[in-house]
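The file coords-v6.cif contains mmCIF, C-alpha atoms:
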data_my_file
#
loop_
_atom_site.group_PDB
_atom_site.id
_atom_site.type_symbol
_atom_site.label_atom_id
_atom_site.label_comp_id
_atom_site.auth_asym_id
_atom_site.auth_seq_id
_atom_site.Cartn_x
_atom_site.Cartn_y
_atom_site.Cartn_z
ATOM 1 C CA MET A 1 0.000 0.000 0.000
ATOM 2 C CA GLN A 2 1.287 3.485 -0.893
ATOM 3 C CA ARG A 3 1.991 5.898 1.958
ATOM 4 C CA ARG A 4 -0.934 8.207 1.088
ATOM 5 C CA GLY A 5 -3.374 5.322 1.047
ATOM 6 C CA LEU A 6 -2.027 4.084 4.371
ATOM 7 C CA LEU A 7 -2.531 7.503 5.964
ATOM 8 C CA LYS A 8 -6.094 7.657 4.660
ATOM 9 C CA SER A 9 -6.860 4.229 6.106
ATOM 10 C CA LEU A 10 -5.568 5.394 9.490
ATOM 11 C CA GLY A 11 -7.751 8.492 9.358
ATOM 12 C CA LEU A 12 -4.773 10.879 9.374
ATOM 13 C CA ILE A 13 -5.730 12.942 6.324
ATOM 14 C CA THR A 14 -9.429 13.597 5.919
ATOM 15 C CA GLY A 15 -9.685 17.320 5.505
ATOM 16 C CA GLY A 16 -6.576 17.813 7.638
ATOM 17 C CA LEU A 17 -4.477 15.962 10.195
ATOM 18 C CA VAL A 18 -6.703 14.030 12.621
ATOM 19 C CA LEU A 19 -5.000 11.597 14.966
ATOM 20 C CA PRO A 20 -7.006 8.737 16.484
ATOM 21 C CA LYS A 21 -7.394 8.967 20.286
ATOM 22 C CA GLU A 22 -5.475 5.729 20.774
ATOM 23 C CA ILE A 23 -2.406 7.160 19.010
ATOM 24 C CA LEU A 24 -2.626 10.434 20.927
ATOM 25 C CA ALA A 25 -2.807 8.544 24.216
ATOM 26 C CA GLN A 26 0.332 6.594 23.298
ATOM 27 C CA GLU A 27 2.238 9.726 22.306
ATOM 28 C CA THR A 28 1.251 11.812 25.341
ATOM 29 C CA PRO A 29 1.211 9.530 28.399
ATOM 30 C CA LYS A 30 -0.186 10.962 31.610
ATOM 31 C CA LYS A 31 2.320 12.068 34.201
ATOM 32 C CA LYS A 32 1.621 10.392 37.497
ATOM 33 C CA SER A 33 1.859 12.452 40.673
ATOM 34 C CA ILE A 34 1.327 9.855 43.371
ATOM 35 C CA ARG A 35 0.199 6.253 43.955
ATOM 36 C CA ILE A 36 -1.845 5.349 47.027
ATOM 37 C CA ALA A 37 -2.978 2.068 48.565
ATOM 38 C CA HIS A 38 -6.395 2.560 50.172
ATOM 39 C CA ILE A 39 -7.041 -0.074 52.827
ATOM 40 C CA THR A 40 -10.163 -0.040 54.956
ATOM 41 C CA ASP A 41 -12.127 -2.229 57.375
ATOM 42 C CA THR A 42 -9.387 -4.623 58.466
ATOM 43 C CA HIS A 43 -11.403 -5.523 61.593
ATOM 44 C CA ILE A 44 -8.464 -7.111 63.375
ATOM 45 C CA GLN A 45 -9.355 -9.603 66.100
ATOM 46 C CA PRO A 46 -7.660 -12.714 67.522
ATOM 47 C CA HIS A 47 -8.439 -16.358 66.794
ATOM 48 C CA ILE A 48 -9.848 -16.153 63.253
ATOM 49 C CA GLY A 49 -6.701 -15.565 61.205
ATOM 50 C CA ALA A 50 -7.276 -11.837 60.779
ATOM 51 C CA ALA A 51 -3.669 -10.917 61.570
ATOM 52 C CA LYS A 52 -2.317 -13.396 59.002
ATOM 53 C CA GLY A 53 -4.764 -12.126 56.408
ATOM 54 C CA PHE A 54 -3.764 -8.528 57.087
ATOM 55 C CA GLU A 55 -0.096 -9.485 56.756
ATOM 56 C CA LYS A 56 -0.821 -11.028 53.367
ATOM 57 C CA CYS A 57 -2.592 -7.853 52.248
ATOM 58 C CA LEU A 58 0.319 -5.650 53.331
ATOM 59 C CA HIS A 59 2.805 -7.898 51.515
ATOM 60 C CA HIS A 60 0.682 -7.672 48.368
ATOM 61 C CA ILE A 61 0.633 -3.872 48.622
ATOM 62 C CA GLN A 62 4.410 -3.690 49.022
ATOM 63 C CA ASN A 63 5.190 -5.865 46.034
ATOM 64 C CA SER A 64 8.112 -4.153 44.288
ATOM 65 C CA GLU A 65 6.112 -3.773 41.074
ATOM 66 C CA GLN A 66 3.356 -1.777 42.797
ATOM 67 C CA LYS A 67 5.560 1.183 43.796
ATOM 68 C CA ILE A 68 3.119 2.585 46.346
ATOM 69 C CA ASP A 69 3.994 5.975 47.849
ATOM 70 C CA PHE A 70 1.838 5.755 50.970
ATOM 71 C CA VAL A 71 -1.156 4.005 52.518
ATOM 72 C CA ILE A 72 -4.486 5.532 53.540
ATOM 73 C CA ASN A 73 -6.219 3.510 56.244
ATOM 74 C CA GLY A 74 -9.940 4.253 55.909
ATOM 75 C CA GLY A 75 -10.926 3.127 59.411
ATOM 76 C CA ASP A 76 -12.325 0.145 61.325
ATOM 77 C CA ALA A 77 -8.829 -1.117 62.004
ATOM 78 C CA ILE A 78 -10.151 -3.341 64.802
ATOM 79 C CA MET A 79 -13.342 -5.339 65.245
ATOM 80 C CA GLY A 80 -14.241 -3.387 68.366
ATOM 81 C CA SER A 81 -17.738 -3.558 69.873
ATOM 82 C CA HIS A 82 -19.392 -1.534 72.581
ATOM 83 C CA ASN A 83 -20.227 -4.856 74.248
ATOM 84 C CA ALA A 84 -16.595 -5.995 74.453
ATOM 85 C CA SER A 85 -14.429 -5.529 77.522
ATOM 86 C CA SER A 86 -11.712 -2.866 77.545
ATOM 87 C CA ASN A 87 -9.197 -5.704 77.907
ATOM 88 C CA SER A 88 -10.459 -7.325 74.691
ATOM 89 C CA ILE A 89 -10.316 -3.991 72.845
ATOM 90 C CA GLY A 90 -6.772 -3.418 74.057
ATOM 91 C CA LYS A 91 -5.655 -6.793 72.712
ATOM 92 C CA GLN A 92 -7.181 -5.999 69.321
ATOM 93 C CA TRP A 93 -5.303 -2.703 69.128
ATOM 94 C CA GLU A 94 -2.024 -4.333 70.132
ATOM 95 C CA LEU A 95 -2.480 -6.998 67.458
ATOM 96 C CA TYR A 96 -3.249 -4.401 64.786
ATOM 97 C CA LYS A 97 -0.263 -2.225 65.708
ATOM 98 C CA SER A 98 2.109 -5.186 65.886
ATOM 99 C CA VAL A 99 1.187 -6.235 62.322
ATOM 100 C CA ILE A 100 1.602 -2.675 61.024
ATOM 101 C CA LYS A 101 4.961 -2.346 62.760
ATOM 102 C CA SER A 102 6.396 -5.673 61.600
ATOM 103 C CA GLU A 103 4.896 -6.021 58.109
ATOM 104 C CA ASN A 104 4.627 -2.468 56.743
ATOM 105 C CA ARG A 105 7.355 -0.041 55.680
ATOM 106 C CA LEU A 106 5.177 2.615 54.034
ATOM 107 C CA PRO A 107 3.814 5.851 55.553
ATOM 108 C CA VAL A 108 0.219 5.440 56.770
ATOM 109 C CA TYR A 109 -2.434 8.167 57.059
ATOM 110 C CA ASN A 110 -5.341 7.132 59.271
ATOM 111 C CA CYS A 111 -9.068 7.811 59.335
ATOM 112 C CA VAL A 112 -11.154 6.848 62.386
ATOM 113 C CA GLY A 113 -13.986 4.349 61.810
ATOM 114 C CA ASN A 114 -16.966 3.515 64.005
ATOM 115 C CA HIS A 115 -15.503 0.171 65.122
ATOM 116 C CA ASP A 116 -12.352 1.951 66.302
ATOM 117 C CA ILE A 117 -14.376 3.830 68.915
ATOM 118 C CA TYR A 118 -14.924 1.965 72.175
ATOM 119 C CA ARG A 119 -18.054 3.228 73.885
ATOM 120 C CA LYS A 120 -20.834 2.229 76.205
ATOM 121 C CA LYS A 121 -24.436 2.260 75.077
ATOM 122 C CA ASP A 122 -26.247 5.612 75.478
ATOM 123 C CA ASP A 123 -23.083 7.363 76.633
ATOM 124 C CA LEU A 124 -22.078 10.280 74.365
ATOM 125 C CA GLN A 125 -19.208 11.352 76.611
ATOM 126 C CA GLY A 126 -17.937 7.801 76.532
ATOM 127 C CA PHE A 127 -18.143 7.935 72.745
ATOM 128 C CA GLU A 128 -15.885 10.999 72.651
ATOM 129 C CA ASP A 129 -13.481 9.376 75.106
ATOM 130 C CA GLY A 130 -13.408 6.287 72.889
ATOM 131 C CA LYS A 131 -12.623 8.429 69.875
ATOM 132 C CA LYS A 132 -9.701 10.029 71.725
ATOM 133 C CA GLU A 133 -8.433 6.568 72.624
ATOM 134 C CA ALA A 134 -8.535 5.565 68.949
ATOM 135 C CA MET A 135 -6.609 8.744 68.092
ATOM 136 C CA ASP A 136 -3.930 7.736 70.595
ATOM 137 C CA HIS A 137 -3.568 4.299 69.021
ATOM 138 C CA PHE A 138 -3.333 5.851 65.547
ATOM 139 C CA GLU A 139 -0.985 8.578 66.873
ATOM 140 C CA MET A 140 -3.284 11.299 65.491
ATOM 141 C CA ASN A 141 -3.492 14.873 66.741
ATOM 142 C CA LYS A 142 -6.912 15.445 65.172
ATOM 143 C CA THR A 143 -9.575 13.215 63.667
ATOM 144 C CA TYR A 144 -9.748 15.428 60.571
ATOM 145 C CA TYR A 145 -6.780 16.951 58.761
ATOM 146 C CA SER A 146 -5.232 17.575 55.357
ATOM 147 C CA PHE A 147 -1.860 17.066 53.709
ATOM 148 C CA SER A 148 -0.249 17.706 50.348
ATOM 149 C CA ALA A 149 0.839 15.039 47.873
ATOM 150 C CA ALA A 150 2.524 16.551 44.792
ATOM 151 C CA ASN A 151 -0.084 18.846 43.191
ATOM 152 C CA TRP A 152 -2.941 17.184 45.088
ATOM 153 C CA LYS A 153 -4.417 17.935 48.506
ATOM 154 C CA VAL A 154 -5.799 15.042 50.534
ATOM 155 C CA ILE A 155 -8.538 15.989 53.017
ATOM 156 C CA VAL A 156 -9.312 13.359 55.655
ATOM 157 C CA LEU A 157 -12.707 13.761 57.352
ATOM 158 C CA ASP A 158 -14.103 12.426 60.610
ATOM 159 C CA SER A 159 -17.444 11.037 59.430
ATOM 160 C CA VAL A 160 -18.439 9.228 62.659
ATOM 161 C CA GLN A 161 -20.353 11.316 65.211
ATOM 162 C CA GLY A 162 -21.951 10.105 68.447
ATOM 163 C CA LYS A 163 -25.732 9.892 68.654
ATOM 164 C CA LEU A 164 -28.223 8.315 71.023
ATOM 165 C CA ASN A 165 -29.621 5.722 68.637
ATOM 166 C CA LEU A 166 -29.475 1.956 68.195
ATOM 167 C CA LYS A 167 -25.913 1.998 66.814
ATOM 168 C CA GLY A 168 -24.705 4.898 68.963
ATOM 169 C CA TYR A 169 -23.408 6.952 66.029
ATOM 170 C CA GLN A 170 -24.345 8.634 62.757
ATOM 171 C CA GLY A 171 -22.505 9.427 59.546
ATOM 172 C CA LYS A 172 -21.880 13.169 59.166
ATOM 173 C CA ILE A 173 -19.402 15.914 60.041
ATOM 174 C CA ASP A 174 -20.069 18.307 62.909
ATOM 175 C CA GLU A 175 -20.363 22.101 62.593
ATOM 176 C CA LEU A 176 -16.813 22.825 63.741
ATOM 177 C CA GLN A 177 -15.436 20.384 61.186
ATOM 178 C CA LEU A 178 -17.690 21.814 58.476
ATOM 179 C CA ASP A 179 -16.269 25.310 59.084
ATOM 180 C CA TRP A 180 -12.765 23.858 58.902
ATOM 181 C CA LEU A 181 -13.604 22.054 55.651
ATOM 182 C CA LYS A 182 -14.992 25.226 54.076
ATOM 183 C CA ASN A 183 -11.777 27.070 54.928
ATOM 184 C CA GLN A 184 -9.664 24.220 53.556
ATOM 185 C CA LEU A 185 -11.492 24.366 50.241
ATOM 186 C CA LYS A 186 -11.295 28.173 50.038
ATOM 187 C CA GLU A 187 -7.559 28.185 50.787
ATOM 188 C CA THR A 188 -6.702 25.522 48.202
ATOM 189 C CA PRO A 189 -5.422 26.999 44.903
ATOM 190 C CA LYS A 190 -7.626 26.202 41.909
ATOM 191 C CA GLU A 191 -4.767 24.375 40.190
ATOM 192 C CA THR A 192 -4.408 21.978 43.163
ATOM 193 C CA HIS A 193 -6.592 18.881 42.823
ATOM 194 C CA ILE A 194 -8.435 17.489 45.853
ATOM 195 C CA LEU A 195 -9.051 13.977 47.157
ATOM 196 C CA ILE A 196 -11.599 13.573 49.984
ATOM 197 C CA VAL A 197 -11.302 10.634 52.421
ATOM 198 C CA SER A 198 -14.054 9.459 54.790
ATOM 199 C CA HIS A 199 -14.845 6.214 56.558
ATOM 200 C CA ILE A 200 -18.593 6.353 55.940
ATOM 201 C CA PRO A 201 -19.544 7.037 52.302
ATOM 202 C CA ILE A 202 -20.609 10.585 51.486
ATOM 203 C CA LEU A 203 -22.513 9.336 48.448
ATOM 204 C CA SER A 204 -22.869 5.690 47.511
ATOM 205 C CA ALA A 205 -24.903 3.207 45.479
ATOM 206 C CA CYS A 206 -23.944 -0.010 47.263
ATOM 207 C CA VAL A 207 -25.672 1.107 50.483
ATOM 208 C CA PHE A 208 -28.988 0.311 48.800
ATOM 209 C CA LEU A 209 -27.932 -3.331 48.415
ATOM 210 C CA ASP A 210 -26.431 -3.949 51.858
ATOM 211 C CA GLY A 211 -29.495 -5.759 53.175
ATOM 212 C CA LYS A 212 -33.216 -5.720 52.403
ATOM 213 C CA ASN A 213 -33.625 -1.961 52.171
ATOM 214 C CA PHE A 214 -36.770 -1.723 50.044
ATOM 215 C CA LYS A 215 -39.721 -1.922 52.398
ATOM 216 C CA ASN A 216 -43.301 -0.690 52.203
ATOM 217 C CA GLY A 217 -42.701 0.828 48.775
ATOM 218 C CA GLU A 218 -39.672 2.877 49.836
ATOM 219 C CA TRP A 219 -35.909 2.618 49.810
ATOM 220 C CA ARG A 220 -34.434 3.120 53.282
ATOM 221 C CA VAL A 221 -30.768 3.944 53.879
ATOM 222 C CA PRO A 222 -29.802 4.389 57.555
ATOM 223 C CA GLU A 223 -27.712 7.375 58.640
ATOM 224 C CA THR A 224 -25.183 4.872 59.945
ATOM 225 C CA TRP A 225 -24.525 3.622 56.392
ATOM 226 C CA MET A 226 -24.197 6.870 54.453
ATOM 227 C CA HIS A 227 -23.698 10.510 55.460
ATOM 228 C CA SER A 228 -26.912 12.177 56.628
ATOM 229 C CA ASP A 229 -25.472 15.537 55.483
ATOM 230 C CA THR A 230 -24.848 14.348 51.924
ATOM 231 C CA GLU A 231 -26.967 17.088 50.347
ATOM 232 C CA ASP A 232 -25.080 19.851 52.192
ATOM 233 C CA LEU A 233 -21.687 18.408 51.270
ATOM 234 C CA VAL A 234 -22.627 17.860 47.628
ATOM 235 C CA GLU A 235 -23.782 21.487 47.357
ATOM 236 C CA LEU A 236 -20.536 22.659 48.969
ATOM 237 C CA PHE A 237 -18.389 20.499 46.672
ATOM 238 C CA ALA A 238 -20.203 21.867 43.593
ATOM 239 C CA ASN A 239 -18.423 25.199 44.175
ATOM 240 C CA TYR A 240 -14.993 23.596 43.809
ATOM 241 C CA PRO A 241 -14.303 21.912 40.453
ATOM 242 C CA ASN A 242 -10.843 20.917 41.699
ATOM 243 C CA ILE A 243 -12.468 18.261 43.922
ATOM 244 C CA LYS A 244 -11.993 15.174 41.796
ATOM 245 C CA LEU A 245 -12.439 12.079 43.951
ATOM 246 C CA ALA A 246 -13.981 11.008 47.278
ATOM 247 C CA ILE A 247 -13.148 7.566 48.733
ATOM 248 C CA SER A 248 -14.692 5.598 51.587
ATOM 249 C CA GLY A 249 -15.133 2.145 53.105
ATOM 250 C CA HIS A 250 -17.538 0.981 55.836
ATOM 251 C CA ILE A 251 -19.948 -0.986 53.606
ATOM 252 C CA HIS A 252 -17.480 -3.769 52.623
ATOM 253 C CA LEU A 253 -18.762 -3.475 49.047
ATOM 254 C CA THR A 254 -17.356 -1.676 46.012
ATOM 255 C CA ASP A 255 -18.996 0.916 43.832
ATOM 256 C CA ARG A 256 -18.135 3.935 41.708
ATOM 257 C CA ILE A 257 -20.571 6.723 40.962
ATOM 258 C CA GLU A 258 -20.194 10.165 39.411
ATOM 259 C CA TYR A 259 -22.226 13.179 40.423
ATOM 260 C CA ASN A 260 -21.546 16.804 39.456
ATOM 261 C CA GLN A 261 -18.208 15.792 37.910
ATOM 262 C CA ILE A 262 -16.988 14.255 41.195
ATOM 263 C CA THR A 263 -16.343 10.525 41.476
ATOM 264 C CA TYR A 264 -17.257 8.683 44.674
ATOM 265 C CA CYS A 265 -15.652 5.263 45.250
ATOM 266 C CA CYS A 266 -16.515 2.866 48.049
ATOM 267 C CA ASN A 267 -13.478 0.598 48.199
ATOM 268 C CA GLY A 268 -14.545 -2.695 49.755
ATOM 269 C CA ALA A 269 -12.777 -4.164 52.790
ATOM 270 C CA VAL A 270 -9.504 -5.874 53.596
ATOM 271 C CA SER A 271 -11.519 -8.267 55.786
ATOM 272 C CA GLY A 272 -14.171 -8.985 53.145
ATOM 273 C CA ASN A 273 -17.022 -10.672 55.002
ATOM 274 C CA TRP A 274 -15.364 -9.956 58.366
ATOM 275 C CA TRP A 275 -12.697 -12.629 57.627
ATOM 276 C CA MET A 276 -15.277 -15.159 56.466
ATOM 277 C CA GLY A 277 -14.624 -14.941 52.714
ATOM 278 C CA ASN A 278 -16.344 -12.693 50.185
ATOM 279 C CA TYR A 279 -19.032 -10.239 51.208
ATOM 280 C CA LYS A 280 -21.746 -10.687 48.621
ATOM 281 C CA GLN A 281 -19.866 -10.254 45.298
ATOM 282 C CA THR A 282 -16.920 -8.324 46.776
ATOM 283 C CA LYS A 283 -13.677 -10.137 47.559
ATOM 284 C CA PRO A 284 -11.340 -9.120 50.403
ATOM 285 C CA GLY A 285 -9.066 -6.445 48.946
ATOM 286 C CA TYR A 286 -7.873 -2.883 48.721
ATOM 287 C CA ALA A 287 -7.712 -0.115 46.124
ATOM 288 C CA ILE A 288 -4.743 1.314 44.269
ATOM 289 C CA ILE A 289 -5.312 4.957 43.399
ATOM 290 C CA ASP A 290 -3.135 6.718 40.839
ATOM 291 C CA LEU A 291 -3.354 10.507 40.963
ATOM 292 C CA TYR A 292 -2.139 12.350 37.856
ATOM 293 C CA GLU A 293 -0.836 15.881 37.448
ATOM 294 C CA ASP A 294 -3.716 16.876 35.179
ATOM 295 C CA GLY A 295 -6.332 16.065 37.841
ATOM 296 C CA THR A 296 -7.366 12.709 36.414
ATOM 297 C CA PHE A 297 -7.035 9.503 38.425
ATOM 298 C CA GLU A 298 -7.485 5.752 38.384
ATOM 299 C CA ASN A 299 -9.120 3.843 41.248
ATOM 300 C CA LYS A 300 -8.690 0.072 40.921
ATOM 301 C CA TYR A 301 -9.847 -2.518 43.457
ATOM 302 C CA LEU A 302 -7.534 -5.518 43.870
ATOM 303 C CA SER A 303 -8.025 -8.847 45.611
ATOM 304 C CA TYR A 304 -4.891 -9.960 47.457
ATOM 305 C CA SER A 305 -5.982 -13.574 47.988
#
What does this structure look like when you write it as structure tokens?
Amino acid sequence: MQRRGLLKSLGLITGGLVLPKEILAQETPKKKSIRIAHITDTHIQPHIGAAKGFEKCLHHIQNSEQKIDFVINGGDAIMGSHNASSNSIGKQWELYKSVIKSENRLPVYNCVGNHDIYRKKDDLQGFEDGKKEAMDHFEMNKTYYSFSAANWKVIVLDSVQGKLNLKGYQGKIDELQLDWLKNQLKETPKETHILIVSHIPILSACVFLDGKNFKNGEWRVPETWMHSDTEDLVELFANYPNIKLAISGHIHLTDRIEYNQITYCCNGAVSGNWWMGNYKQTKPGYAIIDLYEDGTFENKYLSYS
């Protein structure tokens, strides 16, 4: 085939030079800023092989081919339970920290989950004390904070607030944290891209399928499964087009939805079905998140077993 005919067949000369998207993508590869491993819901406890499973996950993350820059722990590090003894909770924390210390060499940024908070039923002060105890184990100064990663800002939220209800908590951020978040967003330059981290999903699809939630002609999603202040946060986020991605755990299922040009990913659970295999169709795993300089990203869920 002559050169001109070849170019025509490739679509390079039809009223001018038009390169196929596949060729453009090969010629201008994206420049990666950072690579993150997002682990969540490890639910460490003795006797059921949780520590060994967590070790296997950490080894998988640190495979030399992965080239992870740091880990985000999305919360529920331990199994916890407000019915457990303080001695039992202490042993769970020691087991979790011993695995992290011996099997992990990467920086870890923590987010507090509801199972991390030891509390007594109908005791809001005890809830706050339990949250402070979790902060001590994670070596955190605050339950919500931000940090920079190349030309991205990562904002970690505290999405678990105490409430006198059946579960003893609700998914939302309090007023003080909301003011802090608004200032964080205002202070972030427009050219800096933003990743939001929460334990409880801000916006999710899989919450509708975590149980029989269609009753009496209505879908019901408890405030313990998804943020009760979702509408307020979504309206706030709409003012900041540099917010690109929001990640969560808590549900042990995976989903990915897009709303107002923001992607929300619920990234499964390291423990799967609380160390009893798959939870529904989701295998035990973690997510690898690639953040690129141009504000694009890839969020991929991997099974380590």
*Residue list as a list in words for point (-1.4, 11.7, 39.1), cut-off 8 Å, all atoms listed in the file*: Lys30, Lys31, Lys32, Ser33, Ile34, Arg35, Asp290, Leu291, Tyr292, Glu293, Asp294, Gly295, Thr296 and Phe297 of chain A
*Name the residues within 12 Å of (-11.4, 8.7, 71.9), counting all atoms listed in the file in the file's coordinates, and put them as a PyMOL selection string.*
chain A and resi 112-119+124-143+160-162
For the residues in the current selection, export C-alpha atoms as a PDB file, in the frame of the given file.
ATOM      1  CA  VAL A 112     -11.154   6.848  62.386  1.00  0.00           C
ATOM      2  CA  GLY A 113     -13.986   4.349  61.810  1.00  0.00           C
ATOM      3  CA  ASN A 114     -16.966   3.515  64.005  1.00  0.00           C
ATOM      4  CA  HIS A 115     -15.503   0.171  65.122  1.00  0.00           C
ATOM      5  CA  ASP A 116     -12.352   1.951  66.302  1.00  0.00           C
ATOM      6  CA  ILE A 117     -14.376   3.830  68.915  1.00  0.00           C
ATOM      7  CA  TYR A 118     -14.924   1.965  72.175  1.00  0.00           C
ATOM      8  CA  ARG A 119     -18.054   3.228  73.885  1.00  0.00           C
ATOM      9  CA  LEU A 124     -22.078  10.280  74.365  1.00  0.00           C
ATOM     10  CA  GLN A 125     -19.208  11.352  76.611  1.00  0.00           C
ATOM     11  CA  GLY A 126     -17.937   7.801  76.532  1.00  0.00           C
ATOM     12  CA  PHE A 127     -18.143   7.935  72.745  1.00  0.00           C
ATOM     13  CA  GLU A 128     -15.885  10.999  72.651  1.00  0.00           C
ATOM     14  CA  ASP A 129     -13.481   9.376  75.106  1.00  0.00           C
ATOM     15  CA  GLY A 130     -13.408   6.287  72.889  1.00  0.00           C
ATOM     16  CA  LYS A 131     -12.623   8.429  69.875  1.00  0.00           C
ATOM     17  CA  LYS A 132      -9.701  10.029  71.725  1.00  0.00           C
ATOM     18  CA  GLU A 133      -8.433   6.568  72.624  1.00  0.00           C
ATOM     19  CA  ALA A 134      -8.535   5.565  68.949  1.00  0.00           C
ATOM     20  CA  MET A 135      -6.609   8.744  68.092  1.00  0.00           C
ATOM     21  CA  ASP A 136      -3.930   7.736  70.595  1.00  0.00           C
ATOM     22  CA  HIS A 137      -3.568   4.299  69.021  1.00  0.00           C
ATOM     23  CA  PHE A 138      -3.333   5.851  65.547  1.00  0.00           C
ATOM     24  CA  GLU A 139      -0.985   8.578  66.873  1.00  0.00           C
ATOM     25  CA  MET A 140      -3.284  11.299  65.491  1.00  0.00           C
ATOM     26  CA  ASN A 141      -3.492  14.873  66.741  1.00  0.00           C
ATOM     27  CA  LYS A 142      -6.912  15.445  65.172  1.00  0.00           C
ATOM     28  CA  THR A 143      -9.575  13.215  63.667  1.00  0.00           C
ATOM     29  CA  VAL A 160     -18.439   9.228  62.659  1.00  0.00           C
ATOM     30  CA  GLN A 161     -20.353  11.316  65.211  1.00  0.00           C
ATOM     31  CA  GLY A 162     -21.951  10.105  68.447  1.00  0.00           C
TER      32      GLY A 162
END
*Spell out the residues picked by the PyMOL selection byres ((chain A and resi 199) around 6) here, as number ranges by chain.*
A: 74-75, 113, 198, 200, 248-250
*Residue among A:Tyr259, A:Phe54, A:Tyr169, A:Trp219 lying closest to Ser102 in chain A, counting all atoms listed in the file*: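 Using all atoms listed in the file, Ser102 in chain A sits closest to A:Phe54.
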Taking all atoms of range 49-63 of chain A that the file lists and extending 4 Å past them on each side, where is the centre of the axis-aligned box and how long are its edges? Answer in Å to one decimal, as lines of an AutoDock Vina configuration file.
center_x = -1.0
center_y = -9.6
center_z = 53.8
size_x = 20.5
size_y = 19.9
size_z = 23.5
*Give me, please, the distance in Å between CA of His60 in chain A and CA of Asp76 in chain A, quoted to one decimal.*
20.0 Å
_Which residues are near range 201-217 of chain A? Cut-off 6 Å, only C-alpha atoms, ignore same chain within fewer than 4 positions. Put them as a list of chain:residue names._
A:Met226, A:His227, A:Thr230, A:Ser248
*Picked residues, the PyMOL selection byres ((chain A and resi 108) around 7), expected as a ChimeraX atom specification*: /A:70-73,106-107,109-110
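Remark: for Glu223 in chain A, the closest of the candidate residues A:Ile247, A:Ile194, A:Ile44, A:Ile173 is A:Ile173 (distances computed over only C-alpha atoms).
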*Please measure the separation of CA of Ser85 in chain A and CA of Lys97 in chain A, giving the value in Å to one decimal.*
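It comes out at 18.7 Å.
Between Phe147 in chain A and the residues A:Leu195, A:Ala77, A:Arg220, A:Ile262, the shortest atom-to-atom distance, using all atoms listed in the file, involves A:Leu195.
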Any chance you could resolve the PyMOL selection byres ((chain A and resi 185-188) around 12) against this file and give the residues as an mmCIF file with C-alpha atoms, keeping the file's coordinate frame?
data_model
loop_
_atom_site.group_PDB
_atom_site.id
_atom_site.type_symbol
_atom_site.label_atom_id
_atom_site.label_comp_id
_atom_site.auth_asym_id
_atom_site.auth_seq_id
_atom_site.Cartn_x
_atom_site.Cartn_y
_atom_site.Cartn_z
ATOM 1 C CA SER A 146 -5.232 17.575 55.357
ATOM 2 C CA PHE A 147 -1.860 17.066 53.709
ATOM 3 C CA SER A 148 -0.249 17.706 50.348
ATOM 4 C CA ASN A 151 -0.084 18.846 43.191
ATOM 5 C CA TRP A 152 -2.941 17.184 45.088
ATOM 6 C CA LYS A 153 -4.417 17.935 48.506
ATOM 7 C CA VAL A 154 -5.799 15.042 50.534
ATOM 8 C CA ILE A 155 -8.538 15.989 53.017
ATOM 9 C CA LEU A 178 -17.690 21.814 58.476
ATOM 10 C CA ASP A 179 -16.269 25.310 59.084
ATOM 11 C CA TRP A 180 -12.765 23.858 58.902
ATOM 12 C CA LEU A 181 -13.604 22.054 55.651
ATOM 13 C CA LYS A 182 -14.992 25.226 54.076
ATOM 14 C CA ASN A 183 -11.777 27.070 54.928
ATOM 15 C CA GLN A 184 -9.664 24.220 53.556
ATOM 16 C CA PRO A 189 -5.422 26.999 44.903
ATOM 17 C CA LYS A 190 -7.626 26.202 41.909
ATOM 18 C CA GLU A 191 -4.767 24.375 40.190
ATOM 19 C CA THR A 192 -4.408 21.978 43.163
ATOM 20 C CA HIS A 193 -6.592 18.881 42.823
ATOM 21 C CA ILE A 194 -8.435 17.489 45.853
ATOM 22 C CA LEU A 195 -9.051 13.977 47.157
ATOM 23 C CA ILE A 196 -11.599 13.573 49.984
ATOM 24 C CA LEU A 233 -21.687 18.408 51.270
ATOM 25 C CA LEU A 236 -20.536 22.659 48.969
ATOM 26 C CA PHE A 237 -18.389 20.499 46.672
ATOM 27 C CA ALA A 238 -20.203 21.867 43.593
ATOM 28 C CA ASN A 239 -18.423 25.199 44.175
ATOM 29 C CA TYR A 240 -14.993 23.596 43.809
ATOM 30 C CA PRO A 241 -14.303 21.912 40.453
ATOM 31 C CA ASN A 242 -10.843 20.917 41.699
ATOM 32 C CA ILE A 243 -12.468 18.261 43.922
#
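The space between CA of Ile257 in chain A and CA of Tyr301 in chain A spans 14.4 Å.
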*Quick one: of A:Asp229, A:Glu218, A:Glu55, A:Asp69, who's nearest to Gln170 in chain A, counting only C-alpha atoms?*
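Using only C-alpha atoms, Gln170 in chain A sits closest to A:Asp229.
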Need the shell around Asn104 in chain A: protein/DNA/RNA residues with any atom at most 9 Å away, counting all atoms listed in the file. Skip same-chain ones fewer than 4 positions apart. Format as a PDB file with C-alpha atoms, in the frame of the given file?
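Saved to selection.pdb:
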ATOM      1  CA  GLU A  55      -0.096  -9.485  56.756  1.00  0.00           C
ATOM      2  CA  LEU A  58       0.319  -5.650  53.331  1.00  0.00           C
ATOM      3  CA  HIS A  59       2.805  -7.898  51.515  1.00  0.00           C
ATOM      4  CA  GLN A  62       4.410  -3.690  49.022  1.00  0.00           C
ATOM      5  CA  VAL A  99       1.187  -6.235  62.322  1.00  0.00           C
ATOM      6  CA  ILE A 100       1.602  -2.675  61.024  1.00  0.00           C
TER       7      ILE A 100
END
*Just the residues within 7 Å of Ala269 in chain A, please, counting all atoms listed in the file, with nothing from its chain fewer than 4 positions along; format it as JSON, numbers by chain.*
{"A": [40, 41, 42, 249, 252, 284, 285, 286]}
Output C-alpha atoms for every residue in that selection, as a compact mmCIF listing (two decimals), in the frame of the given file.
# COMPACT_ATOMS: atom_id res chain seq x y z
CA THR A 40 -10.16 -0.04 54.96
CA ASP A 41 -12.13 -2.23 57.38
CA THR A 42 -9.39 -4.62 58.47
CA GLY A 249 -15.13 2.14 53.10
CA HIS A 252 -17.48 -3.77 52.62
CA PRO A 284 -11.34 -9.12 50.40
CA GLY A 285 -9.07 -6.44 48.95
CA TYR A 286 -7.87 -2.88 48.72
